[in-house]
Amino acid sequence: MSDHDDKLLVDEVKNGNKKAFDRLVQLYQQRVVQLVARYVRDRSEAQDVAQEAFIKAYKALPNFRGDSAFYTWLYRIAVNTAKNHLVARARRSSNHEVDVVDAENFEGAFRLTVCDTPEHLLLTEEIRLTIQQAIEGLPEDLRMAIRYRELEGMTYDEIAEKMDCPVGTVRSRIFRAREAVDKILEPLLSD
Amino acid sequence: MKERQKELVSSLLDNELESHEVDELIAAFENDAGLNAQIDRYALIREAAFKGDIAIDQDVFLKNIQDSITSSSIASIFSQGGSCVSYSSEQVERLPEDELREDAILSGELVFK
């Protein structure tokens with residue numbers, strides 16, 4: 001599908017053709033779920049957030065003027081939705097007295113915004129390989145910590161038990177692993 | 001950008017923030033645009049480490065969206081045949097204009113609540 005085809009579908013949705021929006025969902029659902037899963041690791045949760053992003057996009061379509069490509073616009077909605085989900089989830093986790101709905105509609109001046117274009121943060125094969133090589137090159141304690149987290153989805157408590165170390169150490173190791181990889185990644189993205 | 005704040009971003013991605021750290025991180029995001037780029041790159045690292053596509057049931061995925069749109073009367077936002085359709089306030093979920101402006105989304109001003 002070209003940007004032009006997307007624009008035709010968007011125009012049809014604006015004219016009341018809901019089937020045209022179905023088509024847009026079918027075209028981009030895999031990419032959006034994959035994108036959201038970067039932020040929300042759990043696959044089922046990522047699908048829920050991706051669905052929420054599409055619904056927000058549908059709501060926002062009357063105001064979409066087509067200054068950007070449809071997917072660029074959708075990408076930004078999806079990333080915003082995913083980031084705000086992370087914070088709502090953190091609030092839920094940290095305060096059990098907060099109602100789930102309240103947490104999803106949290107108040108405050110908090111803003112997580114999208115800084116980059118889809119092209120800028122595209123996971124190309126080159127970037128994937130670079131990141132994987134960087135992870136392989138990490139000291140063993142960092143490499144194992146981030147593997148347990150990202151590949152096996154273990155919590156910090158579970159990793160602490162597995163690695164026989166305090167939870168704070170796990171947190172620090174995962175952070176230092178990400179930082180070490182990021183130092184290699186950042187120059188690639190700014191080229 | 002302080003190391004402490006970047007560590008909080010890393011923990012946010014893992015849903016491992018302590019209760020007192022959530023507000024601290026939110027305040028940090030407001031004062032440091034670089035943290036937004038940081039979380040995007042950490043997320044990209046996650047995707048690269050993850051390996052493989054996520055299998056989704058595409059029909060179920062679409063149906064969930066269709067059901068939400070139908071049940072929440074979002075469909076009423078759109079005009080039919082070029083003319084606006086009027087609905088009662090109970091039917092129409094009004095959204096603040098500034099949340100949905102395309103330029104707000106593109107500039108990153110948009111905040112979904």
# chains A, B, ... in the order shown; residues from 1 in each chain; ligands from 1

$ select_by_dssp --residues "region 7-164 of chain A" --states "alpha helix (DSSP H)" --output "ChimeraX atom specification"
/A:7-14,18-39,43-60,70-94,100-104,125-136,140-150,156-163

$ residues_around --residues "region 138-143 of chain A" --least-positions-apart "6" --cutoff "9 Å" --atoms "only C-alpha atoms" --output "number ranges by chain"
A: 163, 170, 172-178, 180-181

$ write_last_selection --atoms "C-alpha atoms" --output "short mmCIF file (atom, residue, chain, number, x, y, z; two decimals), in the first residue's frame"
data_model
loop_
_atom_site.label_atom_id
_atom_site.label_comp_id
_atom_site.auth_asym_id
_atom_site.auth_seq_id
_atom_site.Cartn_x
_atom_site.Cartn_y
_atom_site.Cartn_z
CA MET A 163 21.61 -14.89 39.92
CA VAL A 170 19.66 -6.81 39.15
CA SER A 172 21.56 -1.88 38.18
CA ARG A 173 22.87 -4.65 35.91
CA ILE A 174 19.95 -4.36 33.52
CA PHE A 175 20.31 -0.61 33.40
CA ARG A 176 24.05 -0.82 32.81
CA ALA A 177 23.50 -3.39 30.09
CA ARG A 178 21.03 -1.09 28.31
CA ALA A 180 26.31 -0.07 27.27
CA VAL A 181 24.26 -1.10 24.24
#

$ residues_around --residues "Leu12 (chain B)" --least-positions-apart "4" --cutoff "9 Å" --atoms "only C-alpha atoms" --output "PDB file with N, CA and C atoms, in the first residue's frame"
ATOM      1  N   LEU A  86       2.647   2.695  30.178  1.00  0.00           N
ATOM      2  CA  LEU A  86       3.709   2.325  31.116  1.00  0.00           C
ATOM      3  C   LEU A  86       3.561   3.069  32.436  1.00  0.00           C
ATOM      4  N   VAL A  87       3.245   4.352  32.335  1.00  0.00           N
ATOM      5  CA  VAL A  87       3.130   5.150  33.551  1.00  0.00           C
ATOM      6  C   VAL A  87       1.865   4.772  34.327  1.00  0.00           C
ATOM      7  N   ALA A  90       2.623   1.641  36.053  1.00  0.00           N
ATOM      8  CA  ALA A  90       3.522   1.839  37.204  1.00  0.00           C
ATOM      9  C   ALA A  90       2.742   2.378  38.392  1.00  0.00           C
TER      10      ALA A  90
ATOM     11  N   GLU B   7      18.203   5.296  35.006  1.00  0.00           N
ATOM     12  CA  GLU B   7      17.926   4.002  35.644  1.00  0.00           C
ATOM     13  C   GLU B   7      16.428   3.863  35.929  1.00  0.00           C
ATOM     14  N   LEU B   8      15.795   4.984  36.281  1.00  0.00           N
ATOM     15  CA  LEU B   8      14.346   4.937  36.502  1.00  0.00           C
ATOM     16  C   LEU B   8      13.603   4.623  35.201  1.00  0.00           C
ATOM     17  N   GLU B  16       9.104  -2.027  37.131  1.00  0.00           N
ATOM     18  CA  GLU B  16       9.779  -2.324  38.400  1.00  0.00           C
ATOM     19  C   GLU B  16      10.068  -1.053  39.193  1.00  0.00           C
ATOM     20  N   LEU B  17       9.311  -0.003  38.935  1.00  0.00           N
ATOM     21  CA  LEU B  17       9.509   1.227  39.706  1.00  0.00           C
ATOM     22  C   LEU B  17       8.920   1.082  41.101  1.00  0.00           C
ATOM     23  N   VAL B  22       7.722   6.900  40.956  1.00  0.00           N
ATOM     24  CA  VAL B  22       6.870   7.215  39.798  1.00  0.00           C
ATOM     25  C   VAL B  22       6.781   8.723  39.598  1.00  0.00           C
ATOM     26  N   LEU B  25      10.011  10.268  38.460  1.00  0.00           N
ATOM     27  CA  LEU B  25      10.309  10.079  37.039  1.00  0.00           C
ATOM     28  C   LEU B  25       9.445  10.990  36.168  1.00  0.00           C
ATOM     29  N   ILE B  39      14.058   6.493  26.433  1.00  0.00           N
ATOM     30  CA  ILE B  39      13.124   5.372  26.549  1.00  0.00           C
ATOM     31  C   ILE B  39      12.868   4.752  25.173  1.00  0.00           C
TER      32      ILE B  39
END

$ residues_around --residues "Leu151 (chain A)" --least-positions-apart "2" --cutoff "7 Å" --atoms "only C-alpha atoms" --output "ChimeraX atom specification"
/A:147-149,153 /B:49-50

$ atom_distance --atom1 "CA of Glu12 (chain A)" --atom2 "CA of Ala53 (chain A)"
19.7 Å

$ atom_distance --atom1 "CA of Val32 (chain A)" --atom2 "CA of Ala50 (chain A)"
6.1 Å

$ residues_around --residues "Ile55 (chain A)" --least-positions-apart "5" --cutoff "10 Å" --atoms "only C-alpha atoms" --output "PDB file with N, CA and C atoms, in the first residue's frame"
ATOM      1  N   VAL A  25      -6.700  -1.037   9.670  1.00  0.00           N
ATOM      2  CA  VAL A  25      -6.302  -1.879  10.807  1.00  0.00           C
ATOM      3  C   VAL A  25      -5.596  -3.124  10.292  1.00  0.00           C
ATOM      4  N   VAL A  49      -2.930  -2.649  24.144  1.00  0.00           N
ATOM      5  CA  VAL A  49      -2.496  -1.258  23.977  1.00  0.00           C
ATOM      6  C   VAL A  49      -2.552  -0.865  22.498  1.00  0.00           C
ATOM      7  N   ALA A  50      -2.178  -1.793  21.634  1.00  0.00           N
ATOM      8  CA  ALA A  50      -2.238  -1.512  20.196  1.00  0.00           C
ATOM      9  C   ALA A  50      -3.683  -1.264  19.751  1.00  0.00           C
ATOM     10  N   ALA A  60      -9.422  10.288  16.306  1.00  0.00           N
ATOM     11  CA  ALA A  60      -8.683  11.470  15.883  1.00  0.00           C
ATOM     12  C   ALA A  60      -8.728  11.709  14.379  1.00  0.00           C
ATOM     13  N   LEU A  61      -9.207  10.732  13.631  1.00  0.00           N
ATOM     14  CA  LEU A  61      -9.157  10.840  12.171  1.00  0.00           C
ATOM     15  C   LEU A  61      -9.835  12.090  11.594  1.00  0.00           C
TER      16      LEU A  61
ATOM     17  N   ASN B  64     -12.164  -6.819  18.075  1.00  0.00           N
ATOM     18  CA  ASN B  64     -12.129  -6.057  19.333  1.00  0.00           C
ATOM     19  C   ASN B  64     -12.207  -4.552  19.073  1.00  0.00           C
ATOM     20  N   ILE B  65     -11.522  -4.128  18.035  1.00  0.00           N
ATOM     21  CA  ILE B  65     -11.546  -2.702  17.703  1.00  0.00           C
ATOM     22  C   ILE B  65     -12.932  -2.310  17.188  1.00  0.00           C
ATOM     23  N   GLN B  66     -13.469  -3.150  16.309  1.00  0.00           N
ATOM     24  CA  GLN B  66     -14.811  -2.862  15.777  1.00  0.00           C
ATOM     25  C   GLN B  66     -15.828  -2.767  16.919  1.00  0.00           C
ATOM     26  N   SER B  68     -15.318  -2.053  20.081  1.00  0.00           N
ATOM     27  CA  SER B  68     -15.097  -0.844  20.881  1.00  0.00           C
ATOM     28  C   SER B  68     -15.655   0.385  20.181  1.00  0.00           C
ATOM     29  N   ILE B  69     -15.411   0.447  18.889  1.00  0.00           N
ATOM     30  CA  ILE B  69     -15.884   1.603  18.127  1.00  0.00           C
ATOM     31  C   ILE B  69     -17.413   1.646  18.145  1.00  0.00           C
ATOM     32  N   ILE B  74     -18.162   5.916  19.052  1.00  0.00           N
ATOM     33  CA  ILE B  74     -17.142   6.711  18.360  1.00  0.00           C
ATOM     34  C   ILE B  74     -17.548   6.919  16.907  1.00  0.00           C
TER      35      ILE B  74
END

$ residues_around --residues "Gln38 (chain B)" --least-positions-apart "6" --cutoff "9 Å" --atoms "only C-alpha atoms" --output "list in words"
Asp182 of chain A; Lys6, Val9 and Ser10 of chain B

$ write_last_selection --atoms "N, CA and C atoms" --output "PDB file, in the first residue's frame"
ATOM      1  N   ASP A 182      23.272   1.087  24.412  1.00  0.00           N
ATOM      2  CA  ASP A 182      22.829   2.389  23.897  1.00  0.00           C
ATOM      3  C   ASP A 182      23.997   3.241  23.416  1.00  0.00           C
TER       4      ASP A 182
ATOM      5  N   LYS B   6      17.988   7.917  34.281  1.00  0.00           N
ATOM      6  CA  LYS B   6      18.017   6.906  33.219  1.00  0.00           C
ATOM      7  C   LYS B   6      17.741   5.508  33.788  1.00  0.00           C
ATOM      8  N   VAL B   9      14.084   5.187  34.102  1.00  0.00           N
ATOM      9  CA  VAL B   9      13.472   4.897  32.798  1.00  0.00           C
ATOM     10  C   VAL B   9      13.584   3.407  32.487  1.00  0.00           C
ATOM     11  N   SER B  10      14.744   2.868  32.761  1.00  0.00           N
ATOM     12  CA  SER B  10      14.965   1.438  32.529  1.00  0.00           C
ATOM     13  C   SER B  10      13.996   0.609  33.371  1.00  0.00           C
TER      14      SER B  10
END

$ closest_residue --among "A:Gln133, A:Thr169, A:Ser2, A:Gln51" --to "chain B" --atoms "only C-alpha atoms"
A:Gln51

$ closest_residue --among "A:Gly168, A:Gln26, A:His4, A:Glu126" --to "chain B" --atoms "only C-alpha atoms"
A:Gln26

$ decode --residues "region 19-65 of chain B" --atoms "N, CA and C atoms" --output "tab-separated table (two decimals), in the first residue's frame"
chain	number	residue	atom	x	y	z
B	19	SER	N	7.08	2.81	44.39
B	19	SER	CA	5.99	3.79	44.41
B	19	SER	C	6.49	5.24	44.47
B	20	HIS	N	7.51	5.48	45.27
B	20	HIS	CA	8.00	6.86	45.42
B	20	HIS	C	8.76	7.34	44.18
B	21	GLU	N	9.06	6.42	43.28
B	21	GLU	CA	9.86	6.79	42.12
B	21	GLU	C	9.01	7.24	40.93
B	22	VAL	N	7.72	6.90	40.96
B	22	VAL	CA	6.87	7.22	39.80
B	22	VAL	C	6.78	8.72	39.60
B	23	ASP	N	6.45	9.44	40.67
B	23	ASP	CA	6.33	10.90	40.54
B	23	ASP	C	7.68	11.54	40.22
B	24	GLU	N	8.71	10.97	40.80
B	24	GLU	CA	10.06	11.50	40.53
B	24	GLU	C	10.38	11.39	39.04
B	25	LEU	N	10.01	10.27	38.46
B	25	LEU	CA	10.31	10.08	37.04
B	25	LEU	C	9.45	10.99	36.17
B	26	ILE	N	8.19	11.14	36.54
B	26	ILE	CA	7.32	12.02	35.77
B	26	ILE	C	7.87	13.44	35.77
B	27	ALA	N	8.32	13.89	36.93
B	27	ALA	CA	8.91	15.23	37.01
B	27	ALA	C	10.17	15.31	36.15
B	28	ALA	N	10.94	14.24	36.15
B	28	ALA	CA	12.17	14.23	35.35
B	28	ALA	C	11.85	14.32	33.86
B	29	PHE	N	10.79	13.63	33.43
B	29	PHE	CA	10.40	13.68	32.02
B	29	PHE	C	10.02	15.10	31.61
B	30	GLU	N	9.38	15.80	32.51
B	30	GLU	CA	8.95	17.16	32.19
B	30	GLU	C	10.13	18.10	32.00
B	31	ASN	N	11.21	17.79	32.71
B	31	ASN	CA	12.35	18.70	32.69
B	31	ASN	C	13.47	18.27	31.75
B	32	ASP	N	13.34	17.11	31.17
B	32	ASP	CA	14.44	16.61	30.35
B	32	ASP	C	13.90	15.86	29.13
B	33	ALA	N	13.88	16.55	28.01
B	33	ALA	CA	13.36	15.94	26.79
B	33	ALA	C	14.20	14.75	26.36
B	34	GLY	N	15.44	14.73	26.77
B	34	GLY	CA	16.33	13.63	26.38
B	34	GLY	C	15.88	12.29	26.93
B	35	LEU	N	15.13	12.33	28.03
B	35	LEU	CA	14.65	11.07	28.60
B	35	LEU	C	13.66	10.37	27.67
B	36	ASN	N	12.93	11.17	26.91
B	36	ASN	CA	12.00	10.58	25.94
B	36	ASN	C	12.74	9.81	24.86
B	37	ALA	N	13.82	10.39	24.40
B	37	ALA	CA	14.63	9.68	23.40
B	37	ALA	C	15.27	8.45	24.02
B	38	GLN	N	15.61	8.57	25.30
B	38	GLN	CA	16.23	7.45	26.00
B	38	GLN	C	15.30	6.24	26.06
B	39	ILE	N	14.06	6.49	26.43
B	39	ILE	CA	13.12	5.37	26.55
B	39	ILE	C	12.87	4.75	25.17
B	40	ASP	N	12.87	5.58	24.13
B	40	ASP	CA	12.68	5.05	22.77
B	40	ASP	C	13.83	4.11	22.39
B	41	ARG	N	15.05	4.50	22.76
B	41	ARG	CA	16.20	3.65	22.40
B	41	ARG	C	16.24	2.38	23.24
B	42	TYR	N	15.94	2.49	24.51
B	42	TYR	CA	15.87	1.28	25.34
B	42	TYR	C	14.82	0.31	24.78
B	43	ALA	N	13.72	0.89	24.32
B	43	ALA	CA	12.64	0.06	23.75
B	43	ALA	C	13.11	-0.62	22.46
B	44	LEU	N	13.87	0.13	21.68
B	44	LEU	CA	14.40	-0.45	20.44
B	44	LEU	C	15.36	-1.61	20.75
B	45	ILE	N	16.14	-1.44	21.80
B	45	ILE	CA	17.05	-2.51	22.22
B	45	ILE	C	16.23	-3.75	22.61
B	46	ARG	N	15.14	-3.50	23.31
B	46	ARG	CA	14.26	-4.63	23.69
B	46	ARG	C	13.79	-5.37	22.44
B	47	GLU	N	13.34	-4.63	21.45
B	47	GLU	CA	12.81	-5.29	20.25
B	47	GLU	C	13.88	-6.12	19.56
B	48	ALA	N	15.08	-5.56	19.53
B	48	ALA	CA	16.17	-6.29	18.85
B	48	ALA	C	16.54	-7.56	19.62
B	49	ALA	N	16.46	-7.49	20.95
B	49	ALA	CA	16.83	-8.65	21.76
B	49	ALA	C	15.73	-9.70	21.75
B	50	PHE	N	14.52	-9.25	21.51
B	50	PHE	CA	13.33	-10.08	21.62
B	50	PHE	C	13.33	-11.23	20.61
B	51	LYS	N	13.68	-10.93	19.42
B	51	LYS	CA	13.75	-11.89	18.30
B	51	LYS	C	12.35	-12.39	17.88
B	52	GLY	N	12.08	-12.23	16.62
B	52	GLY	CA	10.86	-12.80	16.05
B	52	GLY	C	9.65	-11.90	16.13
B	53	ASP	N	8.68	-12.21	15.27
B	53	ASP	CA	7.44	-11.45	15.23
B	53	ASP	C	6.47	-11.95	16.28
B	54	ILE	N	5.57	-11.09	16.67
B	54	ILE	CA	4.53	-11.48	17.62
B	54	ILE	C	3.34	-11.98	16.82
B	55	ALA	N	2.92	-13.20	17.14
B	55	ALA	CA	1.78	-13.76	16.41
B	55	ALA	C	0.49	-13.19	16.99
B	56	ILE	N	-0.32	-12.62	16.15
B	56	ILE	CA	-1.61	-12.12	16.63
B	56	ILE	C	-2.73	-12.75	15.81
B	57	ASP	N	-3.85	-12.94	16.48
B	57	ASP	CA	-5.04	-13.40	15.76
B	57	ASP	C	-5.66	-12.16	15.14
B	58	GLN	N	-5.45	-11.99	13.85
B	58	GLN	CA	-5.80	-10.73	13.21
B	58	GLN	C	-7.31	-10.49	13.20
B	59	ASP	N	-8.08	-11.57	13.07
B	59	ASP	CA	-9.54	-11.41	13.06
B	59	ASP	C	-10.05	-10.95	14.43
B	60	VAL	N	-9.51	-11.56	15.47
B	60	VAL	CA	-9.92	-11.18	16.84
B	60	VAL	C	-9.49	-9.74	17.13
B	61	PHE	N	-8.29	-9.42	16.72
B	61	PHE	CA	-7.76	-8.07	16.92
B	61	PHE	C	-8.69	-7.04	16.29
B	62	LEU	N	-9.05	-7.30	15.05
B	62	LEU	CA	-9.94	-6.36	14.33
B	62	LEU	C	-11.31	-6.30	14.99
B	63	LYS	N	-11.83	-7.46	15.37
B	63	LYS	CA	-13.17	-7.49	15.95
B	63	LYS	C	-13.22	-6.70	17.27
B	64	ASN	N	-12.16	-6.82	18.08
B	64	ASN	CA	-12.13	-6.06	19.33
B	64	ASN	C	-12.21	-4.55	19.07
B	65	ILE	N	-11.52	-4.13	18.03
B	65	ILE	CA	-11.55	-2.70	17.70
B	65	ILE	C	-12.93	-2.31	17.19
